[in-house]
file upload.cif (mmCIF, C-alpha atoms)
data_model
#
loop_
_atom_site.label_atom_id
_atom_site.label_comp_id
_atom_site.auth_asym_id
_atom_site.auth_seq_id
_atom_site.Cartn_x
_atom_site.Cartn_y
_atom_site.Cartn_z
CA MET A 1 82.20 206.65 -37.26
CA SER A 2 79.65 207.21 -34.56
CA LYS A 3 78.54 204.18 -32.68
CA LYS A 4 74.83 204.10 -32.22
CA ILE A 5 73.72 202.71 -28.91
CA LYS A 6 70.91 200.30 -29.43
CA GLU A 7 68.46 199.75 -26.64
CA LEU A 8 67.61 196.13 -26.29
CA LYS A 9 64.02 195.28 -25.49
CA VAL A 10 65.14 191.79 -24.48
CA SER A 11 68.37 191.79 -22.52
CA ALA A 12 71.53 190.30 -23.92
CA ILE A 13 72.79 186.92 -22.78
CA GLU A 14 76.37 186.02 -22.07
CA ASN A 15 76.38 182.54 -23.54
CA GLY A 16 73.68 180.68 -25.35
CA THR A 17 71.44 181.01 -28.38
CA VAL A 18 69.34 183.84 -29.66
CA ILE A 19 66.51 182.87 -31.96
CA ASP A 20 65.56 185.98 -33.86
CA HIS A 21 62.97 186.86 -36.51
CA ILE A 22 60.31 184.52 -35.23
CA PRO A 23 56.85 185.51 -36.49
CA ALA A 24 55.20 187.34 -33.57
CA ASN A 25 52.43 184.75 -33.33
CA ALA A 26 54.81 181.78 -33.33
CA VAL A 27 56.96 182.51 -30.29
CA PHE A 28 55.08 180.17 -28.00
CA GLN A 29 55.11 177.43 -30.62
CA VAL A 30 58.87 177.78 -30.98
CA ILE A 31 59.21 177.47 -27.21
CA LYS A 32 57.09 174.35 -27.27
CA ILE A 33 58.77 172.73 -30.27
CA LEU A 34 62.22 173.24 -28.79
CA LYS A 35 60.85 171.93 -25.50
CA LEU A 36 62.00 175.09 -23.75
CA ASP A 37 58.96 174.99 -21.51
CA LYS A 38 60.77 172.23 -19.66
CA PHE A 39 64.19 173.86 -19.83
CA GLU A 40 65.75 174.96 -16.58
CA ASN A 41 68.24 177.68 -17.59
CA MET A 42 67.30 181.30 -18.03
CA ILE A 43 65.11 182.04 -21.03
CA LEU A 44 64.22 185.56 -22.11
CA PHE A 45 61.69 186.24 -24.75
CA GLY A 46 59.73 189.03 -26.29
CA THR A 47 57.08 189.21 -28.92
CA ASN A 48 55.21 191.82 -30.94
CA LEU A 49 58.50 193.68 -31.15
CA GLU A 50 59.09 196.11 -33.95
CA SER A 51 60.93 194.66 -36.93
CA LYS A 52 62.15 196.58 -39.95
CA LYS A 53 61.96 193.49 -42.11
CA TYR A 54 58.71 191.89 -40.98
CA GLY A 55 56.72 194.60 -39.19
CA SER A 56 56.58 192.68 -35.96
CA LYS A 57 58.58 189.79 -34.66
CA GLY A 58 59.41 187.67 -31.68
CA ILE A 59 62.73 186.78 -30.16
CA VAL A 60 63.84 184.07 -27.74
CA LYS A 61 67.15 184.03 -25.88
CA VAL A 62 68.21 180.82 -24.22
CA SER A 63 71.06 180.83 -21.80
CA ASN A 64 73.79 178.19 -22.03
CA LYS A 65 72.08 176.15 -24.68
CA PHE A 66 73.26 175.43 -28.20
CA PHE A 67 71.04 173.65 -30.66
CA LYS A 68 71.83 170.82 -33.06
CA PRO A 69 70.98 171.36 -36.73
CA GLU A 70 68.04 168.94 -36.57
CA GLU A 71 66.63 170.85 -33.61
CA VAL A 72 66.97 174.08 -35.56
CA ASN A 73 65.07 172.55 -38.47
CA ARG A 74 62.16 171.70 -36.22
CA ILE A 75 61.25 175.36 -35.86
CA ALA A 76 61.58 176.08 -39.57
CA LEU A 77 57.99 174.95 -39.97
CA VAL A 78 56.59 177.73 -37.78
CA ALA A 79 59.41 180.25 -38.13
CA PRO A 80 60.74 179.81 -41.65
CA HIS A 81 62.78 183.02 -41.63
CA ALA A 82 64.22 182.72 -38.15
CA SER A 83 67.91 182.99 -37.47
CA MET A 84 69.81 181.12 -34.80
CA ILE A 85 72.62 183.13 -33.32
CA GLU A 86 75.11 181.48 -31.03
CA ILE A 87 76.45 183.85 -28.40
CA LYS A 88 79.74 183.36 -26.60
CA ASP A 89 80.93 186.07 -24.18
CA PHE A 90 78.21 188.42 -25.39
CA ARG A 91 79.53 188.13 -28.95
CA VAL A 92 78.02 186.50 -31.97
CA ALA A 93 79.95 183.28 -32.49
CA ARG A 94 77.86 181.84 -35.28
CA LYS A 95 74.72 182.71 -37.13
CA THR A 96 72.61 180.27 -39.09
CA ILE A 97 69.47 180.98 -41.02
CA VAL A 98 66.81 178.40 -40.41
CA GLU A 99 65.98 176.38 -43.49
CA ILE A 100 62.97 174.21 -44.25
CA PRO A 101 64.28 170.72 -44.92
CA ASN A 102 63.09 168.58 -47.85
CA GLU A 103 62.00 165.85 -45.52
CA ILE A 104 60.50 166.08 -42.08
CA THR A 105 60.71 163.17 -39.70
CA GLY A 106 59.15 162.84 -36.28
CA ILE A 107 58.04 166.45 -35.81
CA VAL A 108 54.57 166.81 -37.24
CA LYS A 109 51.54 164.56 -36.91
CA CYS A 110 49.70 163.55 -40.08
CA PHE A 111 46.35 165.30 -39.99
CA ASN A 112 44.54 162.41 -41.70
CA PRO A 113 42.76 160.52 -38.89
CA ASN A 114 42.66 157.42 -41.08
CA CYS A 115 46.41 157.43 -41.68
CA ILE A 116 48.15 154.32 -40.38
CA THR A 117 50.68 156.50 -38.52
CA ASN A 118 47.87 157.62 -36.22
CA HIS A 119 47.04 154.02 -35.33
CA GLU A 120 50.34 152.15 -35.06
CA GLN A 121 53.68 153.07 -33.57
CA ILE A 122 55.29 154.59 -36.62
CA ILE A 123 57.62 157.57 -36.89
CA GLN A 124 55.83 160.20 -38.94
CA LYS A 125 57.60 161.11 -42.16
CA PHE A 126 56.79 163.79 -44.73
CA THR A 127 58.14 165.22 -47.95
CA VAL A 128 57.88 168.98 -48.16
CA VAL A 129 56.07 169.54 -51.45
CA ASP A 130 55.73 173.30 -51.07
CA LYS A 131 58.15 175.29 -48.95
CA GLU A 132 56.39 178.61 -49.47
CA ASP A 133 52.91 177.54 -48.38
CA LEU A 134 54.22 174.69 -46.23
CA ARG A 135 52.51 171.66 -47.63
CA LEU A 136 53.71 168.32 -46.32
CA LYS A 137 52.97 165.04 -48.05
CA CYS A 138 52.75 162.07 -45.72
CA HIS A 139 55.17 159.30 -46.68
CA TYR A 140 52.52 156.73 -45.72
CA CYS A 141 49.01 157.90 -46.59
CA GLU A 142 50.22 160.38 -49.25
CA LYS A 143 47.77 163.00 -48.01
CA ILE A 144 48.82 166.62 -47.67
CA THR A 145 49.02 168.28 -44.27
CA VAL A 146 48.90 172.06 -44.61
CA LYS A 147 50.14 174.71 -42.22
CA ASN A 148 46.80 175.25 -40.51
CA ASN A 149 46.38 171.53 -39.78
CA MET A 150 49.80 170.95 -38.29
CA THR A 151 50.11 169.48 -34.84
CA PHE A 152 53.59 169.18 -33.45
CA LEU A 153 54.66 166.05 -31.65
CA MET B 1 60.84 143.92 -60.46
CA LYS B 2 61.80 140.82 -58.50
CA ASN B 3 60.88 141.18 -54.81
CA LYS B 4 59.73 144.75 -55.38
CA SER B 5 56.59 145.71 -53.49
CA LEU B 6 53.87 147.58 -55.35
CA ILE B 7 52.25 150.14 -53.06
CA SER B 8 51.68 153.21 -55.22
CA ILE B 9 51.61 153.11 -58.97
CA ASN B 10 54.66 155.38 -59.09
CA ASP B 11 56.77 152.79 -57.28
CA TYR B 12 57.12 151.19 -60.69
CA SER B 13 58.65 153.11 -63.56
CA LYS B 14 56.85 153.56 -66.84
CA GLU B 15 59.06 150.81 -68.31
CA GLU B 16 58.19 148.42 -65.50
CA GLN B 17 54.50 149.16 -65.92
CA LEU B 18 54.74 148.48 -69.65
CA LYS B 19 56.60 145.24 -68.93
CA ILE B 20 53.67 144.11 -66.74
CA LEU B 21 51.22 144.94 -69.53
CA GLN B 22 53.32 142.97 -72.00
CA VAL B 23 53.47 139.90 -69.74
CA ALA B 24 49.74 140.28 -69.04
CA GLY B 25 49.19 140.04 -72.79
CA GLU B 26 51.03 136.71 -72.77
CA PHE B 27 48.79 135.44 -69.95
CA GLU B 28 45.73 136.51 -71.88
CA LYS B 29 46.84 134.13 -74.64
CA THR B 30 47.77 131.32 -72.21
CA PRO B 31 45.99 131.92 -68.89
CA VAL B 32 46.69 128.51 -67.37
CA GLN B 33 50.35 127.96 -66.55
CA ASN B 34 51.73 125.95 -63.68
CA ILE B 35 54.50 128.38 -62.75
CA LEU B 36 53.41 129.13 -59.17
CA LYS B 37 53.61 125.52 -58.07
CA GLY B 38 55.14 125.31 -54.60
CA HIS B 39 54.50 128.97 -53.82
CA VAL B 40 52.25 130.20 -51.03
CA ILE B 41 50.69 133.61 -51.35
CA ALA B 42 48.97 135.39 -48.49
CA SER B 43 45.80 137.30 -49.25
CA LEU B 44 44.91 139.59 -46.34
CA PHE B 45 41.65 141.43 -46.86
CA PHE B 46 40.87 143.53 -43.80
CA GLU B 47 37.80 144.86 -45.57
CA PRO B 48 35.46 143.27 -48.08
CA SER B 49 36.18 143.13 -51.78
CA THR B 50 34.70 141.05 -54.56
CA ARG B 51 36.56 141.74 -57.76
CA THR B 52 39.99 142.47 -56.44
CA ARG B 53 40.16 139.54 -54.07
CA LEU B 54 38.57 137.04 -56.44
CA SER B 55 40.64 138.10 -59.41
CA PHE B 56 43.83 137.77 -57.35
CA GLU B 57 42.72 134.35 -56.19
CA SER B 58 41.72 133.36 -59.70
CA ALA B 59 45.10 134.54 -61.00
CA ILE B 60 46.96 132.51 -58.36
CA ASN B 61 44.83 129.42 -58.91
CA ARG B 62 45.31 129.51 -62.67
CA LEU B 63 49.05 129.59 -62.09
CA GLY B 64 48.98 126.63 -59.70
CA GLY B 65 49.84 128.56 -56.51
CA LYS B 66 48.34 128.18 -53.04
CA ILE B 67 46.58 130.90 -51.05
CA VAL B 68 46.41 131.48 -47.31
CA GLY B 69 44.60 134.39 -45.73
CA PHE B 70 41.29 135.91 -44.81
CA SER B 71 38.58 137.87 -46.54
CA GLU B 72 37.51 139.96 -43.57
CA ALA B 73 39.22 140.93 -40.34
CA THR B 74 36.64 139.36 -38.03
CA ASN B 75 37.66 135.95 -36.68
CA THR B 76 41.34 136.92 -36.90
CA SER B 77 43.73 138.16 -34.23
CA VAL B 78 43.19 141.67 -35.58
CA GLN B 79 39.89 141.50 -33.78
CA LYS B 80 41.81 140.74 -30.59
CA GLY B 81 43.70 143.98 -31.02
CA GLU B 82 46.79 142.72 -32.81
CA SER B 83 48.75 145.46 -34.52
CA LEU B 84 49.25 145.47 -38.26
CA ARG B 85 52.98 145.24 -37.62
CA ASP B 86 52.60 141.92 -35.79
CA THR B 87 50.11 140.53 -38.29
CA ILE B 88 52.46 141.25 -41.20
CA LEU B 89 55.56 139.90 -39.47
CA THR B 90 53.68 136.71 -38.65
CA VAL B 91 52.09 136.16 -42.04
CA ALA B 92 55.41 136.87 -43.79
CA ASN B 93 56.67 133.66 -42.16
CA TYR B 94 54.00 131.69 -43.93
CA SER B 95 54.15 133.11 -47.43
CA ASP B 96 56.30 134.26 -50.35
CA LEU B 97 54.24 137.33 -51.10
CA ILE B 98 51.50 139.25 -49.29
CA ILE B 99 48.53 140.81 -51.00
CA MET B 100 46.78 143.21 -48.66
CA ARG B 101 43.71 145.39 -48.58
CA ASN B 102 43.34 147.51 -45.47
CA PRO B 103 41.01 150.42 -44.71
CA MET B 104 43.81 152.59 -43.29
CA GLU B 105 45.65 154.86 -45.68
CA GLY B 106 49.38 154.22 -45.67
CA SER B 107 49.00 150.72 -44.23
CA ALA B 108 50.48 149.07 -47.31
CA ARG B 109 53.54 151.33 -47.38
CA PHE B 110 54.10 150.61 -43.72
CA ALA B 111 53.70 146.87 -44.30
CA SER B 112 56.24 146.98 -47.13
CA GLU B 113 58.77 148.63 -44.83
CA ILE B 114 58.59 145.97 -42.17
CA SER B 115 57.85 142.86 -44.22
CA PRO B 116 60.64 140.54 -45.36
CA VAL B 117 58.47 139.42 -48.29
CA PRO B 118 57.10 141.76 -50.98
CA ILE B 119 53.70 143.40 -50.55
CA ILE B 120 51.10 144.09 -53.20
CA ASN B 121 48.72 146.85 -52.19
CA ALA B 122 45.17 145.77 -53.05
CA GLY B 123 43.77 149.08 -51.78
CA ASP B 124 44.68 151.16 -48.72
CA GLY B 125 41.67 153.22 -47.67
CA SER B 126 41.11 156.11 -50.04
CA ASN B 127 44.77 156.24 -51.01
CA GLN B 128 46.01 153.85 -53.71
CA HIS B 129 44.89 150.83 -55.67
CA PRO B 130 47.75 150.21 -58.09
CA THR B 131 46.68 146.84 -59.52
CA GLN B 132 43.40 148.41 -60.60
CA THR B 133 45.49 151.05 -62.33
CA LEU B 134 47.52 148.43 -64.16
CA LEU B 135 44.39 146.70 -65.39
CA ASP B 136 42.94 150.06 -66.41
CA LEU B 137 46.10 150.82 -68.38
CA TYR B 138 45.91 147.38 -69.94
CA SER B 139 42.27 147.90 -70.87
CA ILE B 140 42.95 151.33 -72.34
CA ARG B 141 45.87 150.11 -74.38
CA LYS B 142 43.98 147.09 -75.58
CA THR B 143 40.96 149.07 -76.74
CA GLN B 144 42.77 152.13 -78.07
CA ASN B 145 45.90 150.34 -79.36
CA LYS B 146 47.99 152.99 -77.63
CA LEU B 147 48.36 154.84 -74.37
CA ASP B 148 49.74 158.13 -75.64
CA ASN B 149 47.84 161.32 -76.43
CA LEU B 150 44.38 160.16 -75.40
CA ASN B 151 41.47 162.23 -74.14
CA VAL B 152 40.26 160.62 -70.94
CA ALA B 153 37.24 161.71 -68.91
CA PHE B 154 36.88 160.81 -65.25
CA VAL B 155 33.35 161.06 -63.94
CA GLY B 156 31.85 161.02 -60.45
CA ASP B 157 33.65 160.89 -57.16
CA LEU B 158 37.09 162.21 -57.99
CA LYS B 159 37.80 163.21 -54.44
CA TYR B 160 37.68 159.88 -52.64
CA GLY B 161 37.95 157.47 -55.56
CA ARG B 162 41.36 155.89 -55.17
CA THR B 163 41.18 154.20 -58.57
CA VAL B 164 40.84 157.64 -60.09
CA HIS B 165 43.83 158.99 -58.16
CA SER B 166 46.14 156.17 -59.19
CA LEU B 167 45.04 156.14 -62.82
CA VAL B 168 45.36 159.91 -63.21
CA ILE B 169 48.90 159.70 -61.84
CA ALA B 170 49.78 156.81 -64.14
CA LEU B 171 48.34 158.50 -67.23
CA CYS B 172 50.56 161.51 -66.60
CA ASN B 173 53.29 159.42 -68.29
CA TYR B 174 51.36 159.35 -71.54
CA ASN B 175 50.59 162.94 -72.46
CA THR B 176 46.93 162.49 -71.60
CA THR B 177 44.36 165.28 -71.81
CA PHE B 178 42.22 165.02 -68.69
CA HIS B 179 38.52 165.85 -68.52
CA LEU B 180 37.45 165.88 -64.90
CA VAL B 181 33.70 165.73 -64.32
CA SER B 182 32.47 165.92 -60.75
CA PRO B 183 30.22 167.80 -58.38
CA VAL B 184 32.06 170.73 -56.80
CA GLU B 185 32.28 168.90 -53.48
CA LEU B 186 33.95 165.85 -55.06
CA LYS B 187 36.66 167.47 -57.17
CA LEU B 188 40.05 165.87 -57.73
CA PRO B 189 42.29 166.66 -54.73
CA SER B 190 45.22 169.01 -55.20
CA SER B 191 47.63 166.27 -54.14
CA VAL B 192 46.72 164.39 -57.32
CA LYS B 193 46.31 167.41 -59.57
CA MET B 194 49.87 168.26 -58.62
CA TYR B 195 51.12 165.45 -60.91
CA VAL B 196 49.11 166.77 -63.86
CA LYS B 197 50.44 170.27 -63.30
CA GLU B 198 54.03 169.07 -62.91
CA LYS B 199 53.89 167.53 -66.38
CA ASN B 200 52.09 170.58 -67.77
CA LEU B 201 49.29 168.43 -69.12
CA GLU B 202 46.02 169.84 -70.31
CA TYR B 203 43.08 169.35 -67.98
CA HIS B 204 39.53 170.62 -67.91
CA GLN B 205 37.04 170.53 -65.09
CA TYR B 206 33.31 170.20 -65.60
CA VAL B 207 30.18 169.84 -63.58
CA GLU B 208 28.01 168.73 -66.51
CA LEU B 209 28.71 165.35 -68.10
CA GLU B 210 27.00 165.56 -71.49
CA GLU B 211 29.21 168.10 -73.23
CA VAL B 212 32.32 166.02 -72.45
CA ILE B 213 31.36 162.64 -73.88
CA PRO B 214 31.81 163.44 -77.60
CA GLU B 215 35.32 164.76 -76.93
CA VAL B 216 36.86 161.72 -75.35
CA ASP B 217 38.39 158.33 -76.19
CA VAL B 218 37.88 156.87 -72.73
CA LEU B 219 35.01 157.57 -70.38
CA TYR B 220 35.96 156.40 -66.90
CA MET B 221 32.84 156.28 -64.74
CA THR B 222 32.95 155.89 -60.95
CA ARG B 223 30.48 155.17 -58.22
CA ILE B 224 29.50 157.88 -55.77
CA GLN B 225 30.25 156.21 -52.45
CA LYS B 226 27.36 156.42 -50.04
CA GLU B 227 29.61 156.04 -47.01
CA ARG B 228 31.29 159.37 -47.83
CA PHE B 229 28.18 161.36 -47.06
CA SER B 230 26.94 162.27 -43.62
CA ASP B 231 23.70 163.66 -45.05
CA PRO B 232 21.60 161.00 -46.85
CA LEU B 233 19.70 163.66 -48.78
CA GLU B 234 22.93 165.06 -50.11
CA TYR B 235 23.91 161.57 -51.26
CA GLU B 236 20.59 161.08 -53.05
CA ARG B 237 21.02 164.41 -54.84
CA ILE B 238 24.58 163.74 -55.97
CA LYS B 239 24.01 160.06 -56.77
CA ASN B 240 21.64 160.97 -59.55
CA PHE B 241 23.93 163.66 -60.90
CA TYR B 242 25.74 161.46 -63.41
CA VAL B 243 23.80 158.63 -64.94
CA LEU B 244 25.10 157.35 -68.25
CA LYS B 245 22.29 156.36 -70.61
CA HIS B 246 22.49 154.55 -73.90
CA ASP B 247 21.56 157.54 -76.07
CA MET B 248 24.35 159.59 -74.51
CA ILE B 249 27.04 157.46 -76.14
CA GLU B 250 25.47 157.26 -79.59
CA GLN B 251 26.92 160.43 -81.11
CA THR B 252 30.42 159.86 -79.86
CA LYS B 253 33.83 158.88 -81.17
CA GLU B 254 34.00 155.50 -82.88
CA ASN B 255 36.76 154.34 -80.53
CA LEU B 256 35.06 155.48 -77.32
CA LYS B 257 35.11 152.93 -74.53
CA VAL B 258 33.27 153.23 -71.24
CA LEU B 259 35.28 151.96 -68.29
CA HIS B 260 34.23 151.51 -64.68
CA PRO B 261 36.20 149.94 -61.83
CA LEU B 262 32.93 148.38 -60.58
CA PRO B 263 30.82 147.86 -58.53
CA ARG B 264 28.32 150.19 -60.12
CA VAL B 265 25.14 151.36 -58.50
CA ASN B 266 23.09 153.42 -60.89
CA GLU B 267 25.69 155.55 -62.68
CA ILE B 268 25.58 153.41 -65.81
CA GLU B 269 22.15 152.25 -66.94
CA ILE B 270 21.93 148.54 -67.71
CA GLY B 271 20.89 149.50 -71.25
CA VAL B 272 24.45 150.67 -71.90
CA ASP B 273 25.86 147.17 -71.26
CA LYS B 274 25.00 145.80 -74.68
CA SER B 275 26.70 148.67 -76.50
CA SER B 276 30.03 147.82 -78.11
CA LYS B 277 31.36 150.87 -76.32
CA ALA B 278 30.74 149.35 -72.90
CA TYR B 279 33.93 147.68 -71.73
CA TYR B 280 33.68 147.38 -67.93
CA PHE B 281 33.14 143.64 -67.68
CA GLU B 282 36.05 142.85 -70.02
CA GLN B 283 38.01 145.35 -67.97
CA ALA B 284 37.35 143.25 -64.87
CA LEU B 285 38.53 140.15 -66.72
CA ASN B 286 41.76 141.89 -67.67
CA GLY B 287 42.43 142.18 -63.96
CA VAL B 288 43.21 138.48 -63.82
CA TYR B 289 45.88 138.65 -66.54
CA VAL B 290 47.47 141.76 -65.09
CA ARG B 291 47.62 140.22 -61.61
CA GLN B 292 49.07 137.01 -63.03
CA ALA B 293 51.77 139.10 -64.67
CA LEU B 294 52.48 141.14 -61.56
CA ILE B 295 52.76 138.14 -59.24
CA SER B 296 55.00 136.21 -61.65
CA LEU B 297 57.30 139.18 -62.13
CA ILE B 298 57.58 139.94 -58.40
CA LEU B 299 58.37 136.31 -57.67
CA GLY B 300 60.94 136.30 -60.46
CA LEU B 301 59.13 133.64 -62.46
CA LYS B 302 58.82 135.66 -65.68
#
call {"tool": "encode", "arguments": {"input": "upload.cif", "output": "structure tokens"}}
result
Amino acid sequence: MSKKIKELKVSAIENGTVIDHIPANAVFQVIKILKLDKFENMILFGTNLESKKYGSKGIVKVSNKFFKPEEVNRIALVAPHASMIEIKDFRVARKTIVEIPNEITGIVKCFNPNCITNHEQIIQKFTVVDKEDLRLKCHYCEKITVKNNMTFL
Amino acid sequence: MKNKSLISINDYSKEEQLKILQVAGEFEKTPVQNILKGHVIASLFFEPSTRTRLSFESAINRLGGKIVGFSEATNTSVQKGESLRDTILTVANYSDLIIMRNPMEGSARFASEISPVPIINAGDGSNQHPTQTLLDLYSIRKTQNKLDNLNVAFVGDLKYGRTVHSLVIALCNYNTTFHLVSPVELKLPSSVKMYVKEKNLEYHQYVELEEVIPEVDVLYMTRIQKERFSDPLEYERIKNFYVLKHDMIEQTKENLKVLHPLPRVNEIEIGVDKSSKAYYFEQALNGVYVRQALISLILGLK
């Protein structure tokens, strides 16, 4: 069996998390949602990389950081097919596929300006009514926030 | 139903809704009963209302209860910048039940989550108006002798009309065929249509009103709300789109009833009022019985 040497466009990390299969245009959003812009360890990322599955993709590698499941779910809204790969000693320790949860709490702002959540201190809560097209129904005003109207908190 | 807030019509099951209609029927027979004696009910109207507020107050008065509250937010601490949270927590100390109308969508749901006493939503912005829905259901059942398998037309502003949204959702329990008549810019939102589609119910959309009327059992007219339009010319054009005239309901089903949540502007000509098919003023009266039933059930008195 011949071992094919793969050239990595984004260098490997020793320990930490690799977030792969991010849509090319969502890399910066993922960084923002995970608050990596304020993170102090090494972060490597690439975007508009070639992907067999999706045509083009982005990837983020975060050194010495492991995410909790609820943090992982936060990015599902912009990167629904992303995978989170935990790396220990350059090896894959665990791989989880990001999944869109049924309910979303405290991540997205309701786009309805007349919604009470935009006027009082209330934690925003949504039911995901359509996982394919990403349509979120506000628990309070019952209006739908669609993908293009989403603002992340 | 005891202590259960009513925010959206779907908070109550079909069985609970039917229970309210049944108790409302009893109040129609005996409207004056002293069962609310010793109870204080708060009526918080952050925006003006005639029918809803007065019919709630009439319902409470006929049952011997007392009302505290306000009919507009001026002259209250809301004007001083008090949050809804604080207003509700305060008023809950003074009352057994809070009836609230507020211009913000979702305000009633929020209030019900923080309030120790039950909340009845009397309208939250363009979202829900469940007591109107209950009185609409009551009126439909009373005039049609059933709720199942009816052809119901909704006419006018289907986009912003909260009474339309709540009633459409409620009628999804009764195998209704929906006829949706509106200008293109005021079509029923997808968030409401979703319920119709989920139940696989038949629905038709129209721009013209006349062809629909002979098909239906209930003609639910609504007002085009001026405040929804930024362009006054656009409002004038659309306002005159659907005007129901007496001759339009002549060649129609025997059992046809015209409903309207009121207030009307010009969408039903006054000439229609004397027709036996016009039912909107009786509909408004039914609101008292339905609200009597709802309050008594929530307070555990029926």
call {"tool": "residues_around", "arguments": {"input": "upload.cif", "residues": "A:Asn15", "least_positions_apart": "6", "cutoff": "8 Å", "atoms": "only C-alpha atoms", "output": "list of chain:residue names"}}
result
A:Ser63, A:Asn64, A:Lys65, A:Glu86, A:Ile87, A:Lys88, A:Asp89, A:Phe90
call {"tool": "write_last_selection", "arguments": {"input": "upload.cif", "atoms": "C-alpha atoms", "output": "PDB file, keeping the file's coordinate frame"}}
result
ATOM      1  CA  SER A  63      71.060 180.830 -21.800  1.00  0.00           C
ATOM      2  CA  ASN A  64      73.790 178.190 -22.030  1.00  0.00           C
ATOM      3  CA  LYS A  65      72.080 176.150 -24.680  1.00  0.00           C
ATOM      4  CA  GLU A  86      75.110 181.480 -31.030  1.00  0.00           C
ATOM      5  CA  ILE A  87      76.450 183.850 -28.400  1.00  0.00           C
ATOM      6  CA  LYS A  88      79.740 183.360 -26.600  1.00  0.00           C
ATOM      7  CA  ASP A  89      80.930 186.070 -24.180  1.00  0.00           C
ATOM      8  CA  PHE A  90      78.210 188.420 -25.390  1.00  0.00           C
TER       9      PHE A  90
END
call {"tool": "resolve_selection", "arguments": {"input": "upload.cif", "expression": "the PyMOL selection byres ((chain A) within 12 of (chain B))", "output": "number ranges by chain"}}
result
A: 110-125, 129-130, 135-146
call {"tool": "residues_near_point", "arguments": {"input": "upload.cif", "point": "(27.6, 156.6, -68.7)", "cutoff": "7 Å", "atoms": "all atoms listed in the file", "output": "list in words"}}
result
Met221, Val243, Leu244, Lys245, Glu267 and Ile268 of chain B
call {"tool": "resolve_selection", "arguments": {"input": "upload.cif", "expression": "the PyMOL selection byres ((chain B and resi 186) around 8)", "output": "compact mmCIF listing (two decimals) with C-alpha atoms, in the coordinates of the input"}}
result
# COMPACT_ATOMS: atom_id res chain seq x y z
CA GLY B 156 31.85 161.02 -60.45
CA ASP B 157 33.65 160.89 -57.16
CA LEU B 158 37.09 162.21 -57.99
CA LYS B 159 37.80 163.21 -54.44
CA TYR B 160 37.68 159.88 -52.64
CA SER B 182 32.47 165.92 -60.75
CA PRO B 183 30.22 167.80 -58.38
CA VAL B 184 32.06 170.73 -56.80
CA GLU B 185 32.28 168.90 -53.48
CA LYS B 187 36.66 167.47 -57.17
CA LEU B 188 40.05 165.87 -57.73
call {"tool": "resolve_selection", "arguments": {"input": "upload.cif", "expression": "the PyMOL selection byres ((chain A and resi 47) around 6)", "output": "number ranges by chain"}}
result
A: 24, 46, 48-49, 57-58
call {"tool": "closest_residue", "arguments": {"input": "upload.cif", "among": "A:Ile85, A:Ile75, A:Val18, A:Leu134", "to": "A:Asn148", "atoms": "only C-alpha atoms"}}
result
A:Leu134
call {"tool": "closest_residue", "arguments": {"input": "upload.cif", "among": "B:Lys66, B:His129, B:Lys274, B:Lys19", "to": "B:Val40", "atoms": "only C-alpha atoms"}}
result
B:Lys66
call {"tool": "residues_near_point", "arguments": {"input": "upload.cif", "point": "(40.1, 145.8, -65.0)", "cutoff": "9 Å", "atoms": "only C-alpha atoms", "output": "list in words"}}
result
Thr131, Gln132, Thr133, Leu134, Leu135, Asp136, Leu137, Tyr138, Ser139, Leu259, His260, Pro261, Leu262, Tyr280, Phe281, Glu282, Gln283, Ala284, Leu285, Asn286, Gly287, Val288 and Val290 of chain B
call {"tool": "decode", "arguments": {"input": "upload.cif", "residues": "stretch 159-167 of chain B", "atoms": "N, CA and C atoms", "output": "PDB file, in the first residue's frame"}}
result
ATOM      1  N   LYS B 159     -51.459  40.130   5.580  1.00  0.00           N
ATOM      2  CA  LYS B 159     -50.055  40.144   5.991  1.00  0.00           C
ATOM      3  C   LYS B 159     -49.889  40.629   7.430  1.00  0.00           C
ATOM      4  N   TYR B 160     -50.511  41.741   7.746  1.00  0.00           N
ATOM      5  CA  TYR B 160     -50.327  42.331   9.076  1.00  0.00           C
ATOM      6  C   TYR B 160     -51.484  42.046  10.024  1.00  0.00           C
ATOM      7  N   GLY B 161     -52.589  41.571   9.490  1.00  0.00           N
ATOM      8  CA  GLY B 161     -53.774  41.386  10.332  1.00  0.00           C
ATOM      9  C   GLY B 161     -53.601  40.217  11.289  1.00  0.00           C
ATOM     10  N   ARG B 162     -53.402  40.561  12.578  1.00  0.00           N
ATOM     11  CA  ARG B 162     -53.135  39.486  13.539  1.00  0.00           C
ATOM     12  C   ARG B 162     -54.364  38.617  13.783  1.00  0.00           C
ATOM     13  N   THR B 163     -55.564  39.212  13.636  1.00  0.00           N
ATOM     14  CA  THR B 163     -56.760  38.396  13.849  1.00  0.00           C
ATOM     15  C   THR B 163     -56.827  37.304  12.781  1.00  0.00           C
ATOM     16  N   VAL B 164     -56.390  37.662  11.590  1.00  0.00           N
ATOM     17  CA  VAL B 164     -56.374  36.685  10.505  1.00  0.00           C
ATOM     18  C   VAL B 164     -55.389  35.559  10.835  1.00  0.00           C
ATOM     19  N   HIS B 165     -54.201  35.935  11.275  1.00  0.00           N
ATOM     20  CA  HIS B 165     -53.170  34.925  11.566  1.00  0.00           C
ATOM     21  C   HIS B 165     -53.672  33.914  12.589  1.00  0.00           C
ATOM     22  N   SER B 166     -54.201  34.446  13.699  1.00  0.00           N
ATOM     23  CA  SER B 166     -54.637  33.547  14.774  1.00  0.00           C
ATOM     24  C   SER B 166     -55.818  32.673  14.333  1.00  0.00           C
ATOM     25  N   LEU B 167     -56.748  33.267  13.598  1.00  0.00           N
ATOM     26  CA  LEU B 167     -57.931  32.486  13.204  1.00  0.00           C
ATOM     27  C   LEU B 167     -57.565  31.414  12.177  1.00  0.00           C
TER      28      LEU B 167
END
